[in-house]
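Data first, discussion second: the structure below is written as structure tokens.
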Amino acid sequence: MYISRRKFITHSGLGLGLGLSLPVTAFAMPVPVRATSLHAGPMTGYPAQRSANIWMQTLGPARVSIAYWPVHQPHLRENSSEISTSAREFYTALLTLDDLAPNTTYQTEIQLDGKTWSGKNLQIHTPELWQWRHPAPDFKVLTGSCAYINDPQYDRPGKAYGGGYEIYDPMTAEAADMMIWLGDNLYFREADIQSPAGMAMRYWTDRAFPPLKKFLQSTRQIAIWDDHDYGANDSDSSFVLKQSALRLFQSYWANPSYGLPGIPGVFTQCTLNDADFFLLDDRWYRDADAAHLSRGKQMFGKAQMDWLKNALLSSRAHFKIIAAGGQLFNDDDAYEGWNLYPEERQDFMDWLQNNQIRGLLFLSGDRHISELMRRPRPHYSGKHDYPLWELTSSPLNSSPAKGDANPYRVPGTLIQARNYCSIEFLGKGAGRHLLLSCKSTEGKTLWEHQISSADLGYI
């Protein structure tokens, strides 16, 4: 039974959840008195060897829990804590499965108001405990950005901007170990960003898109944002609804953390096997792109850069993957690259070289092209002056663009069509390496490039 369309989500639930002082009435969706099914999910978040986080969203208020047990051992069945979904949390729930064993597959069963959900439940496989026992296992990570889902009522007139939704079928078939979303994971429209409720409706609508729902259930998902899932086009630190944007991001993704105590944002770090992933926030602290190139102009901000430097020094991972929404090392990026913030970028590049950080690969999105960059560095500190490698992966569903003249582009890697990328971590010992691939919407390999450990400073 559905309540009247004039009484969707009102009163203090959604409003207080977004930090508003007045009731919100614009989050208009048909909400059942009690949810008997899911609106979106289930989706697994960041990887861990002894636990798993599962995100889901109900169609209305419901008591949610998950039963789980090792495959073929139902007598070891356990239950997660129960969560009651509400309008305050956009009917989302993040449940933790604990007391798991590494390298074990678990069957799950979702309970809604004490009844078993009839949809497809997830199987969860925990990462292997390989440290101090044997070489790191091989694994695969997918990445991409710019996922525009058409909505004619709110899109600009003319040719549809989004498409290529068949891309999620080959991405699902990859059976990857994790997906890294590089920003513009959805696109707020002009009408959306006029209110927190409008932004909430964009998340609600896009997350239930059938091709995307299937992929989100296929592997672990972690994410950062860029301008279009933070605010308006080219948004910066001045966006007055950014606290609401952060609240929504936290409600819809299952990252290990969001910023640090007293330092807000979406930046975080997670580990999978012998790779540490450092996910950056290029919006919360960003000075306007149009600001003069004066001393102190920042894209990431001092607090976040201090965190990143300390985290890199503390990392013992063989591979250190740093992800940001926009391009980092393309000097000819005429749009929103880090080249518009030259002092902050140069300070970080000097720090990398002076501290001889090895194993770096940078990921970026935003540009509506994909390409691999290889940026040489001057040899003033010895053998660790390997080139800086950056993989730009874009777009998944937005319209492609033309690439600019990028002197650091590896020949043959410019893709001006919808695509996604994969990163395989392969080999043992001195032969450990990365295999980067760019693939079409049909899953066809468009190019591959291998990066050895020697290419990353291990000599």
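Within each chain, counting starts at residue 1; across the structure tokens, chains are named A, B, ... in the order shown, with ligands numbered 1 upward in that order.
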
Checklist entry - Hey, what's within 9 Å of segment 60-64 of chain A if we count only C-alpha atoms and toss same-chain stuff fewer than 4 positions away? As a list in words, please? => result Pro30, Val31, Pro32, Val33, Arg34, Ala35, Thr36, Ser37, Leu38, His39, Ser81, Glu82, Ile83, Ser84, Thr85, Ser86, Ala87, Phe90, Tyr91, Ala93, Leu95, Ile110, Gln111, Leu112, Asp113 and Gly114 of chain A

Checklist entry - Any idea what's packed within 12 Å of Trp338 of chain A, counting only C-alpha atoms, ignoring anything in its chain fewer than 2 positions away? Could you give it as a PyMOL selection string? => result chain A and resi 282-283+286-287+289+293+297-300+324-336+340-349+364

Item to check | Exercise: Leu456 of chain A partners within 10 Å, only C-alpha atoms, chain neighbours under 3 positions left out, as an NGL selection string | outcome: :A and (318-320 or 357-361 or 384-389 or 433-434 or 451-453 or 459)

Hey, could you make a per-residue contact list for segment 36-148 of chain A against segment 404-425 of chain A with 12 Å as the cut-off, showing the nearest pair of atoms and its distance in Å to one decimal, counting only C-alpha atoms, sorted by chain and number, as JSON lines?
{"residue": "A:Pro135", "atom": "CA", "partner": "A:Phe425", "partner_atom": "CA", "distance": 12.0}
{"residue": "A:Ala136", "atom": "CA", "partner": "A:Phe425", "partner_atom": "CA", "distance": 9.2}
{"residue": "A:Pro137", "atom": "CA", "partner": "A:Phe425", "partner_atom": "CA", "distance": 8.2}
{"residue": "A:Asp138", "atom": "CA", "partner": "A:Phe425", "partner_atom": "CA", "distance": 5.4}
{"residue": "A:Phe139", "atom": "CA", "partner": "A:Phe425", "partner_atom": "CA", "distance": 5.4}
{"residue": "A:Lys140", "atom": "CA", "partner": "A:Glu424", "partner_atom": "CA", "distance": 4.4}
{"residue": "A:Val141", "atom": "CA", "partner": "A:Ile423", "partner_atom": "CA", "distance": 5.2}
{"residue": "A:Leu142", "atom": "CA", "partner": "A:Ser422", "partner_atom": "CA", "distance": 4.3}
{"residue": "A:Thr143", "atom": "CA", "partner": "A:Cys421", "partner_atom": "CA", "distance": 5.4}
{"residue": "A:Gly144", "atom": "CA", "partner": "A:Tyr420", "partner_atom": "CA", "distance": 5.2}
{"residue": "A:Ser145", "atom": "CA", "partner": "A:Tyr420", "partner_atom": "CA", "distance": 8.1}
{"residue": "A:Cys146", "atom": "CA", "partner": "A:Arg418", "partner_atom": "CA", "distance": 9.5}
{"residue": "A:Ala147", "atom": "CA", "partner": "A:Arg418", "partner_atom": "CA", "distance": 9.9}
{"residue": "A:Tyr148", "atom": "CA", "partner": "A:Arg418", "partner_atom": "CA", "distance": 11.1}

May I have the residues within 8 Å of segment 237-254 of chain A as a PDB file with N, CA and C atoms, in the first residue's frame, using only C-alpha atoms and disregarding those fewer than 4 positions away in the same chain?
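The resulting part18.pdb:
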ATOM      1  N   GLY A  17      18.238  15.072   8.375  1.00  0.00           N
ATOM      2  CA  GLY A  17      19.343  14.275   7.871  1.00  0.00           C
ATOM      3  C   GLY A  17      20.310  15.076   7.037  1.00  0.00           C
ATOM      4  N   LEU A  18      19.826  16.168   6.416  1.00  0.00           N
ATOM      5  CA  LEU A  18      20.692  17.007   5.602  1.00  0.00           C
ATOM      6  C   LEU A  18      21.069  18.290   6.330  1.00  0.00           C
ATOM      7  N   GLY A  19      20.795  18.345   7.591  1.00  0.00           N
ATOM      8  CA  GLY A  19      21.195  19.518   8.351  1.00  0.00           C
ATOM      9  C   GLY A  19      20.313  20.730   8.097  1.00  0.00           C
ATOM     10  N   THR A  44      28.585  -4.518  -2.015  1.00  0.00           N
ATOM     11  CA  THR A  44      29.678  -4.688  -1.055  1.00  0.00           C
ATOM     12  C   THR A  44      30.637  -3.513  -1.138  1.00  0.00           C
ATOM     13  N   GLY A  45      31.127  -3.061   0.009  1.00  0.00           N
ATOM     14  CA  GLY A  45      32.069  -1.951   0.055  1.00  0.00           C
ATOM     15  C   GLY A  45      33.509  -2.416   0.060  1.00  0.00           C
ATOM     16  N   TYR A  46      34.364  -1.644   0.697  1.00  0.00           N
ATOM     17  CA  TYR A  46      35.806  -1.880   0.681  1.00  0.00           C
ATOM     18  C   TYR A  46      36.149  -3.273   1.215  1.00  0.00           C
ATOM     19  N   ASN A  53      31.308  -5.140   4.615  1.00  0.00           N
ATOM     20  CA  ASN A  53      30.230  -4.166   4.717  1.00  0.00           C
ATOM     21  C   ASN A  53      29.324  -4.291   3.506  1.00  0.00           C
ATOM     22  N   ILE A  54      28.040  -4.381   3.741  1.00  0.00           N
ATOM     23  CA  ILE A  54      27.070  -4.506   2.655  1.00  0.00           C
ATOM     24  C   ILE A  54      26.081  -3.353   2.748  1.00  0.00           C
ATOM     25  N   TRP A  55      25.958  -2.620   1.623  1.00  0.00           N
ATOM     26  CA  TRP A  55      25.049  -1.479   1.527  1.00  0.00           C
ATOM     27  C   TRP A  55      23.787  -1.901   0.790  1.00  0.00           C
ATOM     28  N   GLU A  89      17.947   8.666   6.724  1.00  0.00           N
ATOM     29  CA  GLU A  89      19.115   8.065   6.084  1.00  0.00           C
ATOM     30  C   GLU A  89      18.808   7.660   4.643  1.00  0.00           C
ATOM     31  N   PHE A  90      17.761   8.260   4.062  1.00  0.00           N
ATOM     32  CA  PHE A  90      17.379   7.974   2.668  1.00  0.00           C
ATOM     33  C   PHE A  90      17.056   6.489   2.472  1.00  0.00           C
ATOM     34  N   THR A  92      18.682   4.042   3.403  1.00  0.00           N
ATOM     35  CA  THR A  92      19.882   3.242   3.177  1.00  0.00           C
ATOM     36  C   THR A  92      20.295   2.550   4.464  1.00  0.00           C
ATOM     37  N   LEU A  94      23.832   0.263   6.001  1.00  0.00           N
ATOM     38  CA  LEU A  94      25.160  -0.318   5.841  1.00  0.00           C
ATOM     39  C   LEU A  94      25.361  -1.309   6.972  1.00  0.00           C
ATOM     40  N   SER A 195      18.560  22.478  -4.194  1.00  0.00           N
ATOM     41  CA  SER A 195      18.143  22.084  -2.845  1.00  0.00           C
ATOM     42  C   SER A 195      18.761  20.742  -2.496  1.00  0.00           C
ATOM     43  N   PRO A 196      18.960  20.473  -1.213  1.00  0.00           N
ATOM     44  CA  PRO A 196      19.418  19.143  -0.802  1.00  0.00           C
ATOM     45  C   PRO A 196      18.461  18.041  -1.226  1.00  0.00           C
ATOM     46  N   MET A 199      19.079  17.071  -4.799  1.00  0.00           N
ATOM     47  CA  MET A 199      20.279  16.243  -4.905  1.00  0.00           C
ATOM     48  C   MET A 199      19.984  14.818  -4.452  1.00  0.00           C
ATOM     49  N   ALA A 200      19.190  14.698  -3.391  1.00  0.00           N
ATOM     50  CA  ALA A 200      18.838  13.370  -2.888  1.00  0.00           C
ATOM     51  C   ALA A 200      18.034  12.592  -3.917  1.00  0.00           C
ATOM     52  N   TYR A 203      20.338  10.940  -6.571  1.00  0.00           N
ATOM     53  CA  TYR A 203      20.927   9.693  -6.073  1.00  0.00           C
ATOM     54  C   TYR A 203      19.890   8.569  -6.097  1.00  0.00           C
ATOM     55  N   GLN A 221      32.919  -2.100  -4.175  1.00  0.00           N
ATOM     56  CA  GLN A 221      32.861  -0.772  -4.777  1.00  0.00           C
ATOM     57  C   GLN A 221      33.409   0.262  -3.802  1.00  0.00           C
ATOM     58  N   ILE A 222      34.340   1.102  -4.272  1.00  0.00           N
ATOM     59  CA  ILE A 222      34.776   2.276  -3.519  1.00  0.00           C
ATOM     60  C   ILE A 222      34.756   3.465  -4.467  1.00  0.00           C
ATOM     61  N   ALA A 223      34.723   4.688  -3.940  1.00  0.00           N
ATOM     62  CA  ALA A 223      34.485   5.833  -4.807  1.00  0.00           C
ATOM     63  C   ALA A 223      35.073   7.118  -4.240  1.00  0.00           C
ATOM     64  N   ASP A 229      29.045  15.118  -9.117  1.00  0.00           N
ATOM     65  CA  ASP A 229      28.393  14.444  -7.999  1.00  0.00           C
ATOM     66  C   ASP A 229      28.737  15.113  -6.668  1.00  0.00           C
ATOM     67  N   TYR A 230      29.286  16.327  -6.767  1.00  0.00           N
ATOM     68  CA  TYR A 230      29.544  17.181  -5.605  1.00  0.00           C
ATOM     69  C   TYR A 230      28.632  18.400  -5.649  1.00  0.00           C
ATOM     70  N   GLY A 231      28.504  18.991  -6.827  1.00  0.00           N
ATOM     71  CA  GLY A 231      27.678  20.182  -6.985  1.00  0.00           C
ATOM     72  C   GLY A 231      27.486  20.479  -8.453  1.00  0.00           C
ATOM     73  N   TYR A 258      35.694   8.692   5.648  1.00  0.00           N
ATOM     74  CA  TYR A 258      35.435   9.905   4.861  1.00  0.00           C
ATOM     75  C   TYR A 258      36.168  11.047   5.553  1.00  0.00           C
ATOM     76  N   GLY A 265      35.595  15.708   4.186  1.00  0.00           N
ATOM     77  CA  GLY A 265      35.843  15.397   2.784  1.00  0.00           C
ATOM     78  C   GLY A 265      35.616  13.922   2.538  1.00  0.00           C
ATOM     79  N   VAL A 266      35.890  13.481   1.298  1.00  0.00           N
ATOM     80  CA  VAL A 266      35.691  12.073   0.961  1.00  0.00           C
ATOM     81  C   VAL A 266      37.011  11.318   0.839  1.00  0.00           C
ATOM     82  N   ARG A 283      37.530  18.522  -4.455  1.00  0.00           N
ATOM     83  CA  ARG A 283      36.474  19.538  -4.471  1.00  0.00           C
ATOM     84  C   ARG A 283      36.324  20.302  -3.164  1.00  0.00           C
ATOM     85  N   TRP A 284      36.358  19.605  -2.035  1.00  0.00           N
ATOM     86  CA  TRP A 284      36.003  20.222  -0.762  1.00  0.00           C
ATOM     87  C   TRP A 284      36.880  21.432  -0.437  1.00  0.00           C
ATOM     88  N   TYR A 285      38.182  21.346  -0.711  1.00  0.00           N
ATOM     89  CA  TYR A 285      39.132  22.406  -0.336  1.00  0.00           C
ATOM     90  C   TYR A 285      39.582  23.241  -1.536  1.00  0.00           C
ATOM     91  N   ARG A 286      38.977  23.027  -2.678  1.00  0.00           N
ATOM     92  CA  ARG A 286      39.461  23.586  -3.934  1.00  0.00           C
ATOM     93  C   ARG A 286      39.194  25.087  -4.054  1.00  0.00           C
ATOM     94  N   ASP A 287      40.244  25.836  -4.401  1.00  0.00           N
ATOM     95  CA  ASP A 287      40.060  27.218  -4.803  1.00  0.00           C
ATOM     96  C   ASP A 287      39.495  27.238  -6.222  1.00  0.00           C
ATOM     97  N   ALA A 288      38.788  28.304  -6.553  1.00  0.00           N
ATOM     98  CA  ALA A 288      38.181  28.410  -7.874  1.00  0.00           C
ATOM     99  C   ALA A 288      39.237  28.261  -8.963  1.00  0.00           C
TER     100      ALA A 288
END

Next on the checklist: Restricting the calculation to only C-alpha atoms: of A:Lys159, A:Gly41, A:Gln131, A:Gln107, which residue gets closest to Gln73 of chain A?
Outcome noted: A:Gln107

Checklist entry - Where in segment 234-326 of chain A does DSSP assign helix (DSSP H, G or I), given as a PyMOL selection string? => result chain A and resi 242-252+302-314

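The two atoms in question, atom CA of Ala191 of chain A and atom CA of Pro395 of chain A, are spaced 23.1 Å apart.
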
Item to check | Of the listed residues A:Leu396, A:Leu100, A:Leu372, A:Leu308, that which approaches Trp447 of chain A most closely, counting only C-alpha atoms | outcome: A:Leu372

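Note that the spacing between atom CA of Tyr161 of chain A and atom CA of Phe215 of chain A amounts to 21.1 Å.
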
Item to check | Using only C-alpha atoms: which of A:Thr441, A:Gln57, A:Asn150, A:Asn255 has the shortest distance to Lys213 of chain A | outcome: A:Gln57

Next on the checklist: For a quick check of understanding, using only C-alpha atoms, which of A:Ala290, A:Asn354, A:Asp99, A:Asp455 has the smallest distance to Gly431 of chain A?
Outcome noted: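 Of all the options, A:Asp455 lies closest to Gly431 of chain A.
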
Next on the checklist: Between atom CA of Ala401 of chain A and atom CA of Thr219 of chain A, what is the distance in Å, rounded to a tenth?
Outcome noted: 28.6 Å

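Across segment 360-429 of chain A, DSSP run on the backbone finds strand (DSSP E or B) at Leu360, Leu361, Phe362, Leu363, Ser364, Ser370, Glu371, Leu372, Met373, Arg374, Arg375, Leu388, Trp389, Glu390, Leu391, Thr392, Arg409, Ile415, Asn419, Tyr420, Cys421, Ser422, Ile423, Glu424, Phe425 and Leu426 of chain A.
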
Could you save the residues just selected, with C-alpha atoms, as a compact mmCIF listing (two decimals), in the first residue's frame?
# COMPACT_ATOMS: atom_id res chain seq x y z
CA LEU A 360 53.31 4.86 -7.64
CA LEU A 361 50.47 4.76 -10.15
CA PHE A 362 48.04 7.68 -10.44
CA LEU A 363 44.39 7.37 -11.54
CA SER A 364 42.15 10.16 -12.79
CA SER A 370 41.05 7.67 -21.61
CA GLU A 371 44.81 7.75 -21.92
CA LEU A 372 47.99 6.60 -20.20
CA MET A 373 50.60 9.23 -19.33
CA ARG A 374 54.28 8.73 -18.66
CA ARG A 375 55.86 11.89 -17.23
CA LEU A 388 55.21 9.24 -13.02
CA TRP A 389 52.48 7.08 -14.55
CA GLU A 390 48.88 8.31 -14.74
CA LEU A 391 45.91 6.40 -16.11
CA THR A 392 42.92 8.56 -17.03
CA ARG A 409 50.65 10.48 -23.52
CA ILE A 415 40.54 6.57 -26.52
CA ASN A 419 35.19 2.81 -22.12
CA TYR A 420 36.40 1.41 -18.81
CA CYS A 421 39.85 0.36 -17.63
CA SER A 422 41.24 -2.58 -15.70
CA ILE A 423 44.41 -2.88 -13.64
CA GLU A 424 45.80 -6.36 -13.06
CA PHE A 425 48.40 -6.96 -10.34
CA LEU A 426 50.42 -9.93 -11.52
